[in-house]
>>> print(open('upload-v4.cif').read())   # mmCIF, C-alpha atoms
data_target
loop_
_atom_site.label_atom_id
_atom_site.label_comp_id
_atom_site.auth_asym_id
_atom_site.auth_seq_id
_atom_site.Cartn_x
_atom_site.Cartn_y
_atom_site.Cartn_z
CA MET A 253 147.48 299.60 37.17
CA SER A 254 148.65 302.46 34.96
CA TYR A 255 151.60 304.67 35.81
CA SER A 256 149.23 307.51 36.68
CA ASP A 257 147.62 305.36 39.38
CA TYR A 258 150.86 304.97 41.35
CA PRO A 259 151.29 307.08 44.51
CA SER A 260 152.78 310.45 43.63
CA VAL A 261 155.11 312.70 45.62
CA LEU A 262 156.54 316.10 44.80
CA LEU A 263 160.02 316.74 46.20
CA ILE A 264 160.76 320.42 46.78
CA TYR A 265 164.44 321.17 47.33
CA THR A 266 164.93 324.58 48.97
CA GLY A 267 168.58 324.10 49.95
CA GLY A 268 170.46 322.71 52.89
CA THR A 269 173.05 320.05 53.57
CA ILE A 270 171.00 317.14 52.21
CA GLY A 271 171.28 318.47 48.65
CA MET A 272 175.01 319.06 48.77
CA ARG A 273 177.93 317.03 47.53
CA ARG A 274 181.63 317.60 48.01
CA ASN A 275 183.60 318.93 45.03
CA PRO A 276 186.49 316.44 44.65
CA GLU A 277 188.84 319.19 43.50
CA THR A 278 188.10 322.01 45.95
CA GLY A 279 186.61 320.03 48.84
CA ALA A 280 183.80 322.60 49.06
CA LEU A 281 180.15 321.60 49.44
CA GLU A 282 178.07 322.38 46.36
CA ALA A 283 174.40 321.91 45.55
CA PHE A 284 173.72 319.24 42.94
CA ASP A 285 170.95 319.16 40.35
CA PHE A 286 168.00 317.41 41.92
CA ASP A 287 166.92 316.07 38.56
CA GLN A 288 169.80 313.65 39.16
CA LEU A 289 168.35 312.59 42.49
CA GLN A 290 168.01 308.92 41.61
CA GLU A 291 171.69 308.82 40.71
CA HIS A 292 172.54 309.77 44.28
CA VAL A 293 169.72 307.79 45.89
CA PRO A 294 169.26 304.73 43.66
CA GLU A 295 167.03 303.19 46.33
CA LEU A 296 164.24 305.45 45.11
CA LYS A 297 163.92 303.28 41.99
CA ARG A 298 162.52 300.54 44.20
CA PHE A 299 159.48 302.68 45.01
CA ASN A 300 156.49 302.19 42.73
CA TYR A 301 155.89 305.92 43.03
CA ARG A 302 155.74 308.83 40.66
CA ILE A 303 158.36 311.16 42.10
CA SER A 304 158.79 314.63 40.64
CA SER A 305 161.04 317.41 41.88
CA TYR A 306 161.14 321.18 42.08
CA GLN A 307 164.39 322.93 42.90
CA PHE A 308 164.91 326.43 44.23
CA ASN A 309 167.42 328.17 41.99
CA PRO A 310 169.65 329.22 43.55
CA PRO A 311 169.29 326.99 46.62
CA ILE A 312 168.64 328.89 49.87
CA ASP A 313 170.78 328.41 52.96
CA SER A 314 168.28 327.92 55.76
CA SER A 315 169.82 330.87 57.63
CA ASP A 316 168.46 333.03 54.80
CA MET A 317 164.97 331.50 54.88
CA GLU A 318 162.31 334.18 55.31
CA PRO A 319 158.53 334.64 54.99
CA SER A 320 158.64 335.51 51.28
CA LEU A 321 160.07 332.03 50.68
CA TRP A 322 157.37 330.46 52.84
CA THR A 323 154.84 332.02 50.50
CA LYS A 324 156.77 330.55 47.55
CA LEU A 325 156.46 327.09 49.13
CA VAL A 326 152.76 327.61 49.72
CA ARG A 327 152.35 328.61 46.06
CA ILE A 328 154.22 325.52 44.82
CA ILE A 329 152.14 323.20 47.01
CA THR A 330 148.88 324.91 46.06
CA ASP A 331 149.62 324.85 42.34
CA ASN A 332 150.44 321.12 42.51
CA TYR A 333 147.95 320.11 45.19
CA GLU A 334 145.63 318.11 42.96
CA GLU A 335 148.46 316.39 41.08
CA PHE A 336 150.27 314.76 44.02
CA ASP A 337 149.39 312.62 47.02
CA GLY A 338 151.99 314.28 49.24
CA PHE A 339 154.89 316.70 49.40
CA VAL A 340 158.41 316.40 50.78
CA ILE A 341 160.35 319.61 51.39
CA LEU A 342 164.13 319.28 51.64
CA HIS A 343 165.30 322.09 53.87
CA GLY A 344 168.30 323.17 55.91
CA THR A 345 167.97 322.28 59.57
CA ASP A 346 168.65 325.68 61.15
CA THR A 347 165.24 327.22 60.39
CA MET A 348 163.28 324.09 59.48
CA ALA A 349 161.06 324.36 62.58
CA TYR A 350 160.13 327.95 61.65
CA THR A 351 159.17 326.93 58.11
CA ALA A 352 157.19 323.92 59.32
CA SER A 353 155.33 326.08 61.86
CA ALA A 354 154.57 328.78 59.29
CA LEU A 355 153.27 326.30 56.70
CA SER A 356 150.96 324.72 59.29
CA PHE A 357 149.12 328.05 59.52
CA MET A 358 149.43 329.10 55.86
CA LEU A 359 147.99 325.81 54.51
CA GLU A 360 144.53 325.88 56.08
CA ASN A 361 142.36 322.73 55.75
CA LEU A 362 145.36 320.70 54.59
CA LYS A 363 144.40 317.11 53.79
CA LYS A 364 147.70 315.83 52.41
CA PRO A 365 151.11 315.29 54.02
CA VAL A 366 153.73 318.02 53.84
CA ILE A 367 156.91 316.50 55.27
CA LEU A 368 160.02 318.58 55.88
CA THR A 369 163.31 316.76 56.18
CA GLY A 370 167.02 317.25 55.66
CA SER A 371 170.29 315.90 56.97
CA GLN A 372 173.33 316.67 59.03
CA LEU A 373 175.66 315.18 56.39
CA PRO A 374 175.51 315.62 52.58
CA ILE A 375 173.63 312.88 50.77
CA ASP A 376 176.69 311.62 48.88
CA MET A 377 178.75 311.01 52.04
CA LEU A 378 179.18 307.44 53.21
CA ARG A 379 177.55 307.91 56.64
CA THR A 380 174.87 310.36 55.54
CA ASP A 381 171.62 310.44 57.43
CA GLY A 382 170.03 312.04 54.36
CA LYS A 383 169.08 308.86 52.51
CA GLU A 384 167.09 307.33 55.36
CA ASN A 385 165.40 310.65 56.13
CA LEU A 386 164.48 311.15 52.48
CA ILE A 387 163.26 307.60 51.82
CA ALA A 388 161.10 307.47 54.96
CA SER A 389 159.68 310.95 54.28
CA ILE A 390 158.63 309.93 50.78
CA GLU A 391 156.99 306.78 52.10
CA ILE A 392 155.07 308.78 54.73
CA ALA A 393 154.05 311.42 52.19
CA ALA A 394 152.53 308.72 49.99
CA ALA A 395 150.92 306.63 52.75
CA LYS A 396 147.13 306.29 52.65
CA HIS A 397 144.36 304.57 54.52
CA GLU A 398 142.31 301.94 52.73
CA ASP A 399 139.69 304.58 51.90
CA GLY A 400 142.32 306.64 50.06
CA ALA A 401 142.71 309.36 52.68
CA SER A 402 146.25 310.38 53.63
CA ILE A 403 147.49 308.87 56.89
CA VAL A 404 149.29 312.05 57.97
CA PRO A 405 147.36 315.07 56.62
CA GLU A 406 149.45 317.75 58.30
CA VAL A 407 152.78 319.57 58.18
CA CYS A 408 155.49 317.49 59.85
CA ILE A 409 159.23 317.16 60.31
CA PHE A 410 160.84 313.77 59.84
CA PHE A 411 164.30 313.29 61.28
CA GLU A 412 166.25 310.37 62.75
CA ASN A 413 163.38 307.86 62.56
CA GLN A 414 160.80 310.17 64.14
CA LEU A 415 157.84 311.98 62.60
CA LEU A 416 157.02 315.11 64.60
CA ARG A 417 154.27 317.70 64.27
CA GLY A 418 155.97 320.63 62.56
CA ASN A 419 154.67 323.38 64.81
CA ARG A 420 155.67 321.46 67.94
CA THR A 421 159.27 320.97 66.90
CA THR A 422 162.55 322.69 67.80
CA LYS A 423 166.10 322.10 66.65
CA ILE A 424 168.11 320.96 69.67
CA ASN A 425 171.37 319.58 68.26
CA ALA A 426 173.82 320.97 65.72
CA GLU A 427 176.08 317.91 65.63
CA ASN A 428 174.20 314.66 66.18
CA PHE A 429 171.69 313.06 63.83
CA ASN A 430 168.81 313.51 66.31
CA ALA A 431 168.64 317.22 65.50
CA PHE A 432 164.99 317.85 66.44
CA ARG A 433 162.72 317.29 69.37
CA SER A 434 159.08 317.84 70.20
CA TYR A 435 159.13 318.38 73.94
CA ASN A 436 155.44 318.92 74.57
CA TYR A 437 153.77 316.64 72.03
CA PRO A 438 154.58 312.98 71.34
CA THR A 439 155.82 311.58 68.03
CA LEU A 440 153.27 310.95 65.27
CA ALA A 441 155.16 307.97 63.86
CA THR A 442 158.36 306.01 64.37
CA ALA A 443 160.31 304.37 61.55
CA GLY A 444 161.79 301.01 62.46
CA ILE A 445 161.39 297.78 60.51
CA HIS A 446 157.97 299.20 59.75
CA ILE A 447 156.63 302.73 60.10
CA LYS A 448 154.41 302.71 63.17
CA TYR A 449 151.79 305.45 63.07
CA GLU A 450 150.15 306.82 66.23
CA TYR A 451 146.79 307.45 64.65
CA ASP A 452 145.17 309.05 67.69
CA ARG A 453 147.83 311.81 67.75
CA ILE A 454 147.47 312.85 64.10
CA LEU A 455 145.25 315.80 63.13
CA LYS A 456 141.85 314.90 61.66
CA PRO A 457 140.95 317.31 58.84
CA ASP A 458 137.49 318.42 57.84
CA TYR A 459 137.05 316.72 54.48
CA GLN A 460 134.10 318.97 53.67
CA LYS A 461 136.43 321.98 53.41
CA SER A 462 138.86 322.75 50.60
CA LEU A 463 142.48 323.78 51.00
CA LYS A 464 142.71 327.50 51.76
CA SER A 465 146.19 328.90 51.14
CA HIS A 466 147.46 332.09 52.76
CA TYR A 467 150.24 334.36 51.56
CA LEU A 468 150.17 337.36 53.91
CA TYR A 469 152.45 337.97 56.88
CA ASP A 470 153.76 340.82 59.05
CA THR A 471 157.18 340.59 60.68
CA ASN A 472 156.91 343.52 63.12
CA ILE A 473 157.58 341.19 66.04
CA ALA A 474 160.34 340.94 68.63
CA ILE A 475 161.45 338.33 71.15
CA LEU A 476 162.20 339.56 74.66
CA THR A 477 164.05 337.06 76.84
CA LEU A 478 164.13 337.85 80.54
CA PHE A 479 167.23 337.33 82.66
CA PRO A 480 168.22 338.36 86.20
CA GLY A 481 169.33 341.98 86.16
CA ILE A 482 167.70 342.99 82.88
CA GLN A 483 167.52 346.78 82.76
CA GLU A 484 164.45 348.96 82.52
CA ASN A 485 165.86 351.03 79.67
CA ILE A 486 166.49 347.90 77.58
CA ILE A 487 162.93 346.62 78.00
CA SER A 488 161.53 350.09 77.39
CA THR A 489 163.54 350.44 74.17
CA VAL A 490 162.23 347.11 72.86
CA LEU A 491 158.62 347.88 73.76
CA HIS A 492 158.81 351.29 72.08
CA ALA A 493 160.48 350.08 68.86
CA PRO A 494 158.94 351.84 65.82
CA GLY A 495 156.34 349.67 64.09
CA LEU A 496 156.31 347.01 66.81
CA LYS A 497 153.05 345.05 66.88
CA ALA A 498 153.79 341.96 68.98
CA ILE A 499 156.25 340.59 71.53
CA VAL A 500 157.11 337.01 72.40
CA LEU A 501 158.04 337.24 76.08
CA LYS A 502 160.26 334.38 77.25
CA THR A 503 159.78 334.09 80.98
CA TYR A 504 160.99 331.78 83.72
CA GLY A 505 159.57 328.37 84.64
CA SER A 506 155.80 328.19 84.35
CA GLY A 507 155.53 331.77 83.08
CA ASN A 508 156.99 333.82 85.90
CA ALA A 509 158.59 337.26 85.66
CA PRO A 510 159.96 339.97 87.98
CA GLN A 511 157.40 341.77 90.14
CA LYS A 512 159.15 345.14 89.87
CA ARG A 513 156.58 347.89 89.42
CA TRP A 514 158.40 349.47 86.48
CA PHE A 515 158.38 346.14 84.62
CA ILE A 516 154.66 345.53 85.04
CA ASP A 517 153.92 349.16 84.15
CA LEU A 518 155.92 348.89 80.92
CA LEU A 519 154.03 345.75 79.90
CA LYS A 520 150.67 347.29 80.76
CA ASP A 521 151.51 350.43 78.81
CA ALA A 522 152.47 348.31 75.80
CA THR A 523 149.28 346.23 75.81
CA THR A 524 147.24 349.41 76.27
CA ARG A 525 148.90 350.72 73.09
CA GLY A 526 147.70 347.61 71.27
CA ILE A 527 150.89 345.56 71.31
CA ILE A 528 150.21 341.82 71.63
CA ILE A 529 152.44 340.15 74.26
CA VAL A 530 152.52 336.35 74.40
CA ASN A 531 154.17 334.61 77.34
CA ILE A 532 156.14 331.41 76.73
CA SER A 533 158.57 329.65 79.02
CA GLN A 534 162.33 329.60 78.56
CA CYS A 535 162.10 325.92 79.55
CA PRO A 536 161.75 323.75 76.44
CA SER A 537 159.44 321.35 78.25
CA GLY A 538 156.34 322.29 80.21
CA MET A 539 153.58 324.86 80.10
CA VAL A 540 152.96 328.47 81.03
CA GLU A 541 150.50 328.67 83.94
CA MET A 542 150.18 332.32 84.86
CA GLU A 543 147.52 331.60 87.49
CA ARG A 544 149.91 329.37 89.44
CA TYR A 545 152.10 332.00 91.12
CA GLU A 546 151.60 335.64 92.06
CA THR A 547 154.35 336.65 89.62
CA GLY A 548 152.32 335.22 86.76
CA LEU A 549 149.10 336.87 87.93
CA HIS A 550 150.78 340.26 87.57
CA LEU A 551 151.41 339.46 83.90
CA LEU A 552 147.75 338.54 83.38
CA ASP A 553 146.71 341.83 84.96
CA ALA A 554 149.05 343.63 82.53
CA GLY A 555 147.25 342.09 79.55
CA VAL A 556 149.84 339.41 78.70
CA ILE A 557 148.50 336.32 76.87
CA SER A 558 149.49 332.77 77.77
CA GLY A 559 151.34 330.81 75.09
CA TYR A 560 150.69 327.58 77.00
CA ASP A 561 153.21 324.95 75.80
CA SER A 562 153.95 326.54 72.40
CA THR A 563 157.40 326.62 70.86
CA VAL A 564 158.93 330.01 70.12
CA GLU A 565 158.91 329.10 66.39
CA SER A 566 155.19 328.44 66.51
CA VAL A 567 154.28 331.63 68.39
CA ILE A 568 156.38 333.84 66.11
CA THR A 569 155.01 332.41 62.86
CA LYS A 570 151.42 332.41 64.11
CA LEU A 571 151.71 336.06 65.09
CA MET A 572 153.20 336.89 61.67
CA PHE A 573 150.30 335.06 60.05
CA LEU A 574 147.57 336.75 62.10
CA LEU A 575 149.10 340.23 61.90
CA GLY A 576 149.56 339.85 58.15
CA HIS A 577 145.86 339.26 57.66
CA GLY A 578 144.99 342.57 59.26
CA LYS A 579 142.93 341.09 62.05
CA SER A 580 141.93 343.34 64.93
CA GLU A 581 143.79 343.30 68.23
CA GLU A 582 140.80 341.61 69.86
CA GLU A 583 140.70 338.88 67.18
CA ILE A 584 144.43 338.22 67.46
CA ARG A 585 144.32 338.06 71.25
CA HIS A 586 141.51 335.50 70.97
CA LEU A 587 143.13 333.40 68.22
CA MET A 588 146.42 333.23 70.14
CA THR A 589 144.50 331.34 72.86
CA VAL A 590 142.92 328.87 70.41
CA PRO A 591 144.96 326.08 68.75
CA VAL A 592 144.22 326.24 65.03
CA ALA A 593 146.74 323.63 63.81
CA GLY A 594 147.48 321.59 66.91
CA GLU A 595 150.24 324.02 67.93
CA PHE A 596 149.62 323.91 71.68
CA THR A 597 147.63 322.08 74.33
CA ILE A 598 144.99 323.81 76.45
CA PRO A 599 145.08 322.35 79.98
CA VAL A 600 141.94 320.51 81.04
#
>>> encode(input="upload-v4.cif", output="structure tokens")
Amino acid sequence: MSYSDYPSVLLIYTGGTIGMRRNPETGALEAFDFDQLQEHVPELKRFNYRISSYQFNPPIDSSDMEPSLWTKLVRIITDNYEEFDGFVILHGTDTMAYTASALSFMLENLKKPVILTGSQLPIDMLRTDGKENLIASIEIAAAKHEDGASIVPEVCIFFENQLLRGNRTTKINAENFNAFRSYNYPTLATAGIHIKYEYDRILKPDYQKSLKSHYLYDTNIAILTLFPGIQENIISTVLHAPGLKAIVLKTYGSGNAPQKRWFIDLLKDATTRGIIIVNISQCPSGMVEMERYETGLHLLDAGVISGYDSTVESVITKLMFLLGHGKSEEEIRHLMTVPVAGEFTIPV
């Protein structure tokens, strides 16, 4: 077996805590050169893998992550797609779920793993969670079936022993190692003594189609979170913002909202003007069912679309993706009700 036959993984370091180390003189966290990765994670030498790395220079704090950098990631993956069996993106935790969701739409017909991971502690600290997250992510990115097909051909987040579908994932903890959760879709794999894959939950790609990468997006979107006592002038101001094209409406429970006439009229006026409004619940777990209560039926009548059990990260990035491709209002309204990358579940 020649070196070129070994499983190959491209590590892409965007920034974040995992790629930091503490300066012994100043005590400040600084990014280290990822070409020296094996010095900090000598366990990688035990893999019979070809591991290459690409480092953002300068590294990006995940709070500064934005769509232009998502397109950079898509470009890196596309340019190296034929050379590697899988990709591991090292990313800050704060916006990791947004990036994972965006990539799931931007990498159409993906047939190889793209695993995002990171850590809550720098990789050179004694109790770091970074080493285990990194090692398991690399193993998953390289894992194949006997026929040579990738076991996990989708965009995922791996954190604290769990592999989660990227566009189903939300950051839920800023302090503990279990930083992410997928409330409405079960784990794709669990890392224990062995990595146990849940094959029936993993997306099945169409192997007849080639990877189709997308680079366009439109960020003229706002999130409107309802709360008791929210004022008409506030909602009106948001719905009349210059350039606004879409709203993510965070409602109560199973998709309920106030029945005040002025509220429904404002929503109906907005949808009549072509603004896409998608209804998701403020509850992290559960599904929007606008037909269930009269309050939800009023939203349907106003032209509001159900987001089912989508995460806010998924809805926002999907809207950016669809708006960026210049699709018609009718097309977008339809595509927001169709899961294109496993991002929500349609009730049976």
>>> closest_atom_pairs(input="upload-v4.cif", of="range 510-554 of chain A", to="range 429-436 of chain A", cutoff="12 Å", atoms="all atoms listed in the file", output="CSV")
residue,atom,partner,partner_atom,distance
A:Cys535,CA,A:Tyr435,CA,9.9
A:Pro536,CA,A:Tyr435,CA,6.5
A:Ser537,CA,A:Tyr435,CA,5.2
A:Gly538,CA,A:Asn436,CA,6.6
A:Met539,CA,A:Asn436,CA,8.3
A:Val540,CA,A:Asn436,CA,11.8
>>> atom_distance(input="upload-v4.cif", atom1="CA of Pro494 in chain A", atom2="CA of Asp316 in chain A")
23.8 Å
>>> atom_distance(input="upload-v4.cif", atom1="CA of Phe336 in chain A", atom2="CA of Glu391 in chain A")
13.2 Å
>>> residues_around(input="upload-v4.cif", residues="Ile403 in chain A", least_positions_apart="6", cutoff="10 Å", atoms="all atoms listed in the file", output="ChimeraX atom specification")
/A:363-365,392-397,449-451,454-456
>>> resolve_selection(input="upload-v4.cif", expression="the PyMOL selection byres ((chain A and resi 590-598) around 7)", output="PyMOL selection string")
chain A and resi 356-357+419-420+560-562+566+586-589+599-600
>>> residues_around(input="upload-v4.cif", residues="Lys464 in chain A", least_positions_apart="5", cutoff="9 Å", atoms="all atoms listed in the file", output="list in words")
Thr330, Met358, Leu359, Glu360, Asn361 and Leu362 of chain A
>>> atom_distance(input="upload-v4.cif", atom1="CA of Ala354 in chain A", atom2="CA of Tyr301 in chain A")
28.1 Å
>>> closest_residue(input="upload-v4.cif", among="A:Ile424, A:Ile390, A:Leu416, A:Ile557", to="Tyr437 in chain A", atoms="all atoms listed in the file")
A:Leu416
>>> resolve_selection(input="upload-v4.cif", expression="the PyMOL selection byres ((chain A and resi 572) around 10)", output="count of residues only")
22
>>> residues_around(input="upload-v4.cif", residues="Glu335 in chain A", least_positions_apart="4", cutoff="9 Å", atoms="all atoms listed in the file", output="PDB file with C-alpha atoms, in the frame of the given file")
ATOM      1  CA  SER A 260     152.780 310.450  43.630  1.00  0.00           C
ATOM      2  CA  VAL A 261     155.110 312.700  45.620  1.00  0.00           C
ATOM      3  CA  LEU A 262     156.540 316.100  44.800  1.00  0.00           C
ATOM      4  CA  ASP A 331     149.620 324.850  42.340  1.00  0.00           C
TER       5      ASP A 331
END
>>> resolve_selection(input="upload-v4.cif", expression="the PyMOL selection byres ((chain A and resi 534) around 6)", output="PyMOL selection string")
chain A and resi 502-504+533+535
>>> residues_around(input="upload-v4.cif", residues="Thr477 in chain A", least_positions_apart="6", cutoff="12 Å", atoms="all atoms listed in the file", output="JSON, numbers by chain")
{"A": [483, 486, 487, 490, 499, 500, 501, 502, 503, 504, 507, 508, 509, 530, 531, 532, 533, 534, 535, 564]}
>>> closest_residue(input="upload-v4.cif", among="A:Asn385, A:Gln511, A:Ser488, A:Ser353", to="Leu549 in chain A", atoms="all atoms listed in the file")
A:Gln511
>>> closest_residue(input="upload-v4.cif", among="A:Leu519, A:Glu334, A:Ile387, A:Lys324", to="Lys297 in chain A", atoms="all atoms listed in the file")
A:Ile387
>>> closest_residue(input="upload-v4.cif", among="A:Pro510, A:Pro259, A:Gly344, A:Gly526", to="Leu496 in chain A", atoms="all atoms listed in the file")
A:Gly526
>>> closest_residue(input="upload-v4.cif", among="A:Arg544, A:Ile529, A:Thr345, A:Thr278", to="Glu427 in chain A", atoms="all atoms listed in the file")
A:Thr345
